[in-house]
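Engineer: The structure's right below; bear with me while I get my questions together.
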There are 2 protein chains.
Amino acid sequence: MYIESHKQVAPSDNRAEGCAACDARAHSPCAVLEGHDLERLARVAVHQHVKPDQIFIEEGAPATCFFNITAGTARLYKSLPDGRRQITGFARAGDFLGLAVSTEYGFSAEAIDHVRLCRFTRANLHRLLEDFPAMERRLLETAGNELVAAQDQMLLLGRKTASERLASFLVSLSRGGAPNALHLPMSRSDIADYLGLTIETVSRTFTKFKSAGLLSLPTVTEVEILDQRRLARLAEGAT
Amino acid sequence: MYIESHKQVAPSDNRAEGCAACDARAHSPCAVLEGHDLERLARVAVHQHVKPDQIFIEEGAPATCFFNITAGTARLYKSLPDGRRQITGFARAGDFLGLAVSTEYGFSAEAIDHVRLCRFTRANLHRLLEDFPAMERRLLETAGNELVAAQDQMLLLGRKTASERLASFLVSLSRGGAPNALHLPMSRSDIADYLGLTIETVSRTFTKFKSAGLLSLPTVTEVEILDQRRLARLAEGAT
DNA sequence: CGGTCACTTGATCGTCTTCAATACCAGTGG
DNA sequence: CCACTGGTATTGAAGACGATCAAGTGACCG
């Protein structure tokens with residue numbers, strides 16, 4: 001199988017083409033590297049496959065590595081001792097994980113579908129950043145963007161209603177993809193834990209949106225947005 | 001008056017001692033600079049005073065400057081068109097604002113008490129970072145730490161109860177200060193908008209904590225924590 | 001003192017949660 | 001082909017937590 005074959009790839013098998021041909025490179029911090037700089041990156045990057053629902057970062061574990069997602073979608077989350085879970089984000093191709101300087105990971109990461117990623121040790125990344133300040137600059141920009149996204153999410157979680165939350169979620173997913181037809185790789189439970197709601201409320205709100213003619217659900221994972229404008233206004237809290 | 005006199009300080013008045021003697025330097029990205037590097041920083045930094053409730057960053061306005069708080073406390077927040085507000089954080093001495101790469105500020109910032117800050121233009125900061133990679137490294141670390149804090153706050157807003165939220169808030173304030181006696185520079189309304197609650201719920205929860213013997217309120221802005229351990233357990237969602 | 005403003009307390013209400021039942025879909029085996 | 005099964009999603013009814021509306025208290029200041 002496709003997945004299995006990739007799982008066998010050992011670090012030493014990474015060739016320069018491994019990075020040069022990477023689909024995710026354009027949206028990644030690695031985009032700033034070229035030519036033999038890229039070859040050097042390829043030498044220290046370990047490719048890895050993660051199967052659905054497999055955890056590859058565990059909250060509280062020693063933070064030894066950084067990750068760069070190259071395919072698939074992962075959920076990033078924090079948990080409370082009694083099991084309550086907050087998904088802090090969904091990581092997709094090009095996303096960089098593990099920026100935290102702490103010695104321990106501050107969140108867990110779990111594959112939703114089949115995920116491919118590049119792994120670097122902290123030491124390797126630091127050496128890389130020393131030699132390629134452009135990459136460091138790029139990482140700083142990325143971090144800034146994530147901070148902005150985090151603030152948006154705080155506004156959502158602290159002050160928006162259930163309808164506004166789901167609308168915001170769908171609108172942000174629809175940006176950068178096909179404006180209408182959306183695929184949701186994550187379950188209702190993931191959406192609920194991302195929006196600070198329960199699966200029942202998420203489900204009810206989907207139903208409400210269907211009745212209001214905002215969208216249709218051809219299948220449970222496919223969303224067709226029928227009224228982008230109204231959904232966007234709802235997301236911003238229009239009365 | 002103290003504040004007024006500082007308001008008159010023009011950029012050219014900044015001397016090297018202005019940065020070398022800065023109280024906030026130790027907790028700031030500037031900490032990595034020394035000697036004449038620090039003098040260069042002082043030349044491009046504009047000192048500024050901001051009076052209580054004065055807005056110095058406006059959400060949506062062109063992002064021309066970066067800021068470094070040197071004294072006082074500011075609230076950072078995002079708003080919805082109907083006035084709902086989410087405070088995304090409180091900035092104190094040493095905190096760096098405006099990391100976002102976007103051309104517009106993604107949040108507003110307002111002084112709570114008397115705030116002193118350093119202002120840099122984007123161009124100046126970029127030139128500075130090019131010459132002092134250590135400072136860039138430090139900024140990246142800072143951004144990482146803020147990202148971690150943002151994720152904690154998402155867990156709080158999405159999944160914690162009112163009591164757990166207030167307990168988390170007090171515990172995080174008590175870290176790094178005197179373990180008990182806390183001063184709250186911000187109003188109940190600020191606390192509410194930070195925790196995603198209303199002022200009434202915040203007030204009731206304070207009363208509940210008093211009754212439970214967790215803390216006392218010598219004055220409305222002074223909190224004495226009586227049972228740090230129990231408060232910390234409550235903050236983590238212990239049943 | 002009287003006035004203002006922030007905070008506190010009380011009573012009621014509503015949104016979302018919880019608990020429970022039902023529907024749906026894909027996969028399996030008779 | 002169809003019944004059976006397990007998991008996920010949807011729908012329904014009841015309940016709870018925090019919000020809202022409203023009144024009361026206290027501190028600061030002219």
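Chain labels follow the order of the structure tokens: the first chain is A, the next B, and so on; residue numbering restarts at 1 in every chain, and ligands are counted from 1 in their shown order.
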Contacts of B:Val32 at 8 Å or less, counting only C-alpha atoms (C1' of nucleotides), minus same-chain residues fewer than 6 places along, as a list in words?

Structural biologist: Ala134, Met135 and Arg138 of chain B

Engineer: Using DSSP on the backbone coordinates, identify all residues within stretch 35-110 of chain A classified as alpha helix (DSSP H); present the result as a PyMOL selection string.

Structural biologist: chain A and resi 35-44

Engineer: Fewer than 3 positions away in the same chain doesn't count, so skip those; otherwise give me all residues within 12 Å of stretch 2-11 of chain D, counting only C-alpha atoms (C1' of nucleotides), as JSON, numbers by chain.

Structural biologist: {"A": [186, 187, 188, 189, 199, 200, 201, 202, 203, 204, 205, 206, 207, 208, 219, 220, 221], "C": [20, 21, 22, 23, 24, 25, 26, 27, 28, 29, 30]}

Engineer: For the residues selected in the previous step, produce a file with C-alpha atoms (C1' of nucleotides) as a PDB file, in the first residue's frame.

Structural biologist:
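That gives us again30.pdb:
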ATOM      1  CA  MET A 186     -12.610  16.261  10.670  1.00  0.00           C
ATOM      2  CA  SER A 187     -15.551  14.746  12.558  1.00  0.00           C
ATOM      3  CA  ARG A 188     -18.384  16.653  14.239  1.00  0.00           C
ATOM      4  CA  SER A 189     -16.633  15.959  17.505  1.00  0.00           C
ATOM      5  CA  ILE A 199     -21.447  17.774  18.880  1.00  0.00           C
ATOM      6  CA  GLU A 200     -25.210  18.153  19.375  1.00  0.00           C
ATOM      7  CA  THR A 201     -25.042  21.922  19.109  1.00  0.00           C
ATOM      8  CA  VAL A 202     -22.834  21.685  16.027  1.00  0.00           C
ATOM      9  CA  SER A 203     -25.281  19.265  14.443  1.00  0.00           C
ATOM     10  CA  ARG A 204     -28.300  21.400  15.317  1.00  0.00           C
ATOM     11  CA  THR A 205     -26.598  24.489  13.934  1.00  0.00           C
ATOM     12  CA  PHE A 206     -25.820  22.709  10.659  1.00  0.00           C
ATOM     13  CA  THR A 207     -29.505  21.805  10.448  1.00  0.00           C
ATOM     14  CA  LYS A 208     -30.469  25.401  11.168  1.00  0.00           C
ATOM     15  CA  THR A 219     -22.798  14.033   2.471  1.00  0.00           C
ATOM     16  CA  VAL A 220     -21.869  14.420   6.101  1.00  0.00           C
ATOM     17  CA  THR A 221     -18.349  15.521   5.199  1.00  0.00           C
TER      18      THR A 221
ATOM     19  C1'  DA C  20     -31.658   9.709  25.788  1.00  0.00           C
ATOM     20  C1'  DA C  21     -33.580   7.866  21.682  1.00  0.00           C
ATOM     21  C1'  DT C  22     -33.517   7.447  16.813  1.00  0.00           C
ATOM     22  C1'  DA C  23     -31.634   7.702  12.076  1.00  0.00           C
ATOM     23  C1'  DC C  24     -28.067   6.898   8.908  1.00  0.00           C
ATOM     24  C1'  DC C  25     -24.199   4.752   6.628  1.00  0.00           C
ATOM     25  C1'  DA C  26     -20.565   1.489   5.618  1.00  0.00           C
ATOM     26  C1'  DG C  27     -18.958  -2.891   6.239  1.00  0.00           C
ATOM     27  C1'  DT C  28     -19.763  -7.985   7.060  1.00  0.00           C
ATOM     28  C1'  DG C  29     -21.637 -12.267   6.666  1.00  0.00           C
ATOM     29  C1'  DG C  30     -25.588 -15.245   6.046  1.00  0.00           C
TER      30       DG C  30
END

Engineer: Considering only C-alpha atoms (C1' of nucleotides), can you say which of D:DA14, D:DC1, D:DA19, D:DC28 comes closest to chain B?

Structural biologist: D:DA19

Engineer: Please, can I see chain A fitted onto chain B by all in-order Cα atoms (least squares), as a compact mmCIF listing (two decimals) with C-alpha atoms, in the first residue's frame?

Structural biologist:
# COMPACT_ATOMS: atom_id res chain seq x y z
CA MET A 1 3.51 66.38 36.72
CA TYR A 2 5.50 63.21 36.22
CA ILE A 3 3.50 62.04 33.24
CA GLU A 4 3.33 65.36 31.49
CA SER A 5 7.06 65.90 31.64
CA HIS A 6 7.70 62.59 29.89
CA LYS A 7 5.15 63.30 27.22
CA GLN A 8 7.33 66.14 26.04
CA VAL A 9 10.33 63.93 25.33
CA ALA A 10 11.02 64.10 21.61
CA PRO A 11 12.75 61.33 19.65
CA SER A 12 15.99 63.25 19.51
CA ASP A 13 16.11 63.44 23.31
CA ASN A 14 16.70 59.73 23.61
CA ARG A 15 20.21 59.13 24.82
CA ALA A 16 22.02 55.84 25.13
CA GLU A 17 21.20 55.77 28.84
CA GLY A 18 17.57 55.81 27.78
CA CYS A 19 17.85 52.16 26.83
CA ALA A 20 20.74 51.11 29.04
CA ALA A 21 18.84 52.26 32.11
CA CYS A 22 15.49 50.87 31.00
CA ASP A 23 13.78 48.86 33.73
CA ALA A 24 12.00 46.70 31.18
CA ARG A 25 15.10 45.74 29.24
CA ALA A 26 15.75 42.55 31.21
CA HIS A 27 12.40 41.08 30.19
CA SER A 28 12.49 42.47 26.68
CA PRO A 29 13.82 41.41 23.30
CA CYS A 30 16.26 44.32 23.68
CA ALA A 31 17.99 42.36 26.44
CA VAL A 32 20.23 40.75 23.81
CA LEU A 33 21.81 44.10 22.87
CA GLU A 34 24.71 45.74 24.69
CA GLY A 35 27.10 48.66 24.46
CA HIS A 36 26.94 50.68 21.26
CA ASP A 37 24.39 48.29 19.74
CA LEU A 38 22.13 49.51 22.48
CA GLU A 39 22.91 53.10 21.56
CA ARG A 40 21.77 52.41 18.05
CA LEU A 41 18.54 50.98 19.40
CA ALA A 42 18.06 54.08 21.50
CA ARG A 43 18.42 56.29 18.42
CA VAL A 44 15.53 54.66 16.58
CA ALA A 45 13.26 54.15 19.58
CA VAL A 46 10.71 56.83 20.32
CA HIS A 47 9.62 57.05 23.92
CA GLN A 48 5.97 57.72 24.56
CA HIS A 49 3.52 58.06 27.41
CA VAL A 50 -0.04 56.87 27.20
CA LYS A 51 -2.68 57.97 29.70
CA PRO A 52 -5.30 55.63 31.14
CA ASP A 53 -7.97 54.54 28.64
CA GLN A 54 -6.11 56.09 25.73
CA ILE A 55 -5.97 53.87 22.65
CA PHE A 56 -2.53 53.56 21.06
CA ILE A 57 -3.21 50.74 18.60
CA GLU A 58 -6.47 50.60 16.68
CA GLU A 59 -7.69 47.38 15.09
CA GLY A 60 -7.74 47.72 11.32
CA ALA A 61 -5.50 50.79 11.21
CA PRO A 62 -2.33 50.64 9.07
CA ALA A 63 0.34 48.79 11.06
CA THR A 64 3.18 51.31 10.88
CA CYS A 65 4.87 50.71 14.22
CA PHE A 66 6.00 48.15 16.72
CA PHE A 67 5.81 48.80 20.43
CA ASN A 68 7.66 47.70 23.49
CA ILE A 69 5.93 48.37 26.80
CA THR A 70 8.32 49.68 29.44
CA ALA A 71 5.90 50.44 32.28
CA GLY A 72 2.23 50.08 33.14
CA THR A 73 -0.39 47.69 31.80
CA ALA A 74 -2.34 47.75 28.55
CA ARG A 75 -5.32 45.74 27.41
CA LEU A 76 -5.17 44.14 23.95
CA TYR A 77 -8.54 43.35 22.47
CA LYS A 78 -10.66 42.57 19.46
CA SER A 79 -14.25 43.71 19.01
CA LEU A 80 -17.33 42.68 17.11
CA PRO A 81 -19.42 45.30 15.32
CA ASP A 82 -22.14 45.21 18.00
CA GLY A 83 -19.66 46.04 20.75
CA ARG A 84 -18.87 42.62 22.14
CA ARG A 85 -15.24 42.68 23.19
CA GLN A 86 -12.66 39.98 23.80
CA ILE A 87 -9.49 40.98 25.61
CA THR A 88 -6.78 38.74 24.18
CA GLY A 89 -4.15 39.69 26.72
CA PHE A 90 -2.71 42.22 29.09
CA ALA A 91 0.65 43.66 28.06
CA ARG A 92 3.14 44.62 30.75
CA ALA A 93 6.73 45.85 30.95
CA GLY A 94 8.90 43.96 28.48
CA ASP A 95 6.05 42.88 26.22
CA PHE A 96 6.46 43.42 22.53
CA LEU A 97 3.45 44.36 20.40
CA GLY A 98 2.77 44.29 16.70
CA LEU A 99 4.55 41.17 15.55
CA ALA A 100 1.84 40.56 12.96
CA VAL A 101 3.22 40.88 9.46
CA SER A 102 -0.05 42.14 8.09
CA THR A 103 -0.34 45.69 6.87
CA GLU A 104 -3.07 46.34 9.43
CA TYR A 105 -3.20 45.84 13.16
CA GLY A 106 -5.27 42.82 14.08
CA PHE A 107 -6.22 44.12 17.51
CA SER A 108 -6.55 47.31 19.53
CA ALA A 109 -4.42 48.30 22.49
CA GLU A 110 -5.46 50.68 25.25
CA ALA A 111 -3.66 51.85 28.37
CA ILE A 112 -5.17 50.66 31.64
CA ASP A 113 -3.01 52.76 33.94
CA HIS A 114 -0.21 55.11 32.92
CA VAL A 115 1.77 53.28 30.26
CA ARG A 116 5.22 54.05 28.98
CA LEU A 117 6.40 52.48 25.75
CA CYS A 118 9.05 52.51 23.02
CA ARG A 119 7.91 52.88 19.47
CA PHE A 120 9.80 51.70 16.34
CA THR A 121 8.82 52.00 12.72
CA ARG A 122 8.57 48.76 10.80
CA ALA A 123 11.48 49.78 8.60
CA ASN A 124 13.71 50.55 11.57
CA LEU A 125 12.89 47.30 13.25
CA HIS A 126 13.60 45.32 10.10
CA ARG A 127 16.96 46.98 9.68
CA LEU A 128 17.72 46.30 13.32
CA LEU A 129 16.80 42.65 13.01
CA GLU A 130 18.99 42.22 9.97
CA ASP A 131 22.00 43.46 11.90
CA PHE A 132 21.18 41.70 15.16
CA PRO A 133 20.09 38.15 14.48
CA ALA A 134 20.20 37.46 18.21
CA MET A 135 17.31 39.86 18.63
CA GLU A 136 15.39 38.11 15.90
CA ARG A 137 15.99 34.81 17.65
CA ARG A 138 14.74 36.33 20.85
CA LEU A 139 11.62 37.64 19.16
CA LEU A 140 10.95 34.19 17.75
CA GLU A 141 11.16 32.75 21.26
CA THR A 142 8.82 35.42 22.54
CA ALA A 143 6.34 34.68 19.78
CA GLY A 144 6.52 30.99 20.62
CA ASN A 145 5.78 31.73 24.26
CA GLU A 146 2.84 33.92 23.35
CA LEU A 147 1.51 31.18 21.13
CA VAL A 148 1.63 28.79 24.08
CA ALA A 149 -0.19 31.32 26.25
CA ALA A 150 -2.79 31.79 23.50
CA GLN A 151 -3.44 28.05 23.41
CA ASP A 152 -3.89 27.99 27.17
CA GLN A 153 -6.38 30.81 26.83
CA MET A 154 -8.28 28.92 24.12
CA LEU A 155 -8.61 25.96 26.47
CA LEU A 156 -9.87 28.34 29.13
CA LEU A 157 -12.39 30.06 26.88
CA GLY A 158 -13.60 26.93 25.16
CA ARG A 159 -13.77 24.42 27.96
CA LYS A 160 -13.43 25.84 31.46
CA THR A 161 -16.22 26.84 33.85
CA ALA A 162 -16.51 30.35 35.29
CA SER A 163 -14.79 29.30 38.53
CA GLU A 164 -11.98 27.57 36.68
CA ARG A 165 -11.50 30.64 34.51
CA LEU A 166 -11.18 33.08 37.38
CA ALA A 167 -8.94 30.67 39.29
CA SER A 168 -6.69 30.28 36.23
CA PHE A 169 -6.53 34.04 35.87
CA LEU A 170 -5.53 34.60 39.49
CA VAL A 171 -3.00 31.78 39.46
CA SER A 172 -1.32 33.08 36.33
CA LEU A 173 -1.19 36.59 37.82
CA SER A 174 0.31 35.26 41.02
CA ARG A 175 3.14 33.61 39.12
CA GLY A 176 6.13 35.90 38.97
CA GLY A 177 4.79 38.35 41.53
CA ALA A 178 4.40 38.11 45.25
CA PRO A 179 2.80 34.69 45.57
CA ASN A 180 -0.12 36.01 47.59
CA ALA A 181 -1.11 39.71 47.72
CA LEU A 182 -2.10 40.61 44.14
CA HIS A 183 -2.86 43.99 42.66
CA LEU A 184 -5.39 44.04 39.83
CA PRO A 185 -4.80 47.09 37.64
CA MET A 186 -7.78 46.17 35.47
CA SER A 187 -11.50 46.59 36.19
CA ARG A 188 -14.05 43.80 36.63
CA SER A 189 -15.20 44.58 33.12
CA ASP A 190 -11.70 43.93 31.77
CA ILE A 191 -11.48 40.67 33.67
CA ALA A 192 -14.87 39.62 32.32
CA ASP A 193 -13.91 40.43 28.74
CA TYR A 194 -10.64 38.58 29.18
CA LEU A 195 -12.30 35.46 30.58
CA GLY A 196 -15.30 35.43 28.23
CA LEU A 197 -17.75 36.13 31.06
CA THR A 198 -19.90 39.02 32.29
CA ILE A 199 -18.94 41.36 35.11
CA GLU A 200 -21.77 39.90 37.20
CA THR A 201 -20.43 36.38 36.88
CA VAL A 202 -16.92 37.56 37.72
CA SER A 203 -18.24 39.37 40.78
CA ARG A 204 -20.32 36.40 41.91
CA THR A 205 -17.36 34.08 41.47
CA PHE A 206 -15.14 36.36 43.57
CA THR A 207 -17.81 36.22 46.27
CA LYS A 208 -17.95 32.44 45.99
CA PHE A 209 -14.16 32.23 46.37
CA LYS A 210 -14.32 34.45 49.46
CA SER A 211 -17.01 32.24 51.03
CA ALA A 212 -14.94 29.16 50.25
CA GLY A 213 -11.95 30.70 52.04
CA LEU A 214 -9.82 30.75 48.90
CA LEU A 215 -9.10 34.45 49.04
CA SER A 216 -10.02 37.79 50.56
CA LEU A 217 -10.49 41.18 48.94
CA PRO A 218 -9.00 43.87 51.19
CA THR A 219 -10.03 46.38 48.54
CA VAL A 220 -11.69 45.87 45.20
CA THR A 221 -8.34 45.89 43.41
CA GLU A 222 -6.31 43.97 45.98
CA VAL A 223 -6.59 40.20 46.22
CA GLU A 224 -5.08 38.15 48.99
CA ILE A 225 -4.84 34.52 48.04
CA LEU A 226 -5.42 32.33 51.09
CA ASP A 227 -5.25 28.88 49.54
CA GLN A 228 -2.89 28.86 46.59
CA ARG A 229 -2.95 25.07 46.23
CA ARG A 230 -6.69 24.72 46.10
CA LEU A 231 -6.97 27.64 43.69
CA ALA A 232 -4.35 26.03 41.42
CA ARG A 233 -6.17 22.70 41.47
CA LEU A 234 -9.43 24.44 40.65
CA ALA A 235 -7.72 26.22 37.74
CA GLU A 236 -6.66 22.89 36.25
CA GLY A 237 -10.19 21.54 36.41
CA ALA A 238 -9.79 19.19 39.38
CA THR A 239 -13.17 17.74 40.24

Engineer: Check stretch 75-172 of chain B with DSSP on the backbone and list each residue it calls strand (DSSP E), as a ChimeraX atom specification.

Structural biologist: /B:75-79,85-91,96-97,108-111,115-121

Engineer: Could you check how far atom C1' of C:DG14 sits from atom C1' of D:DA16, in Å to one decimal?

Structural biologist: 11.3 Å
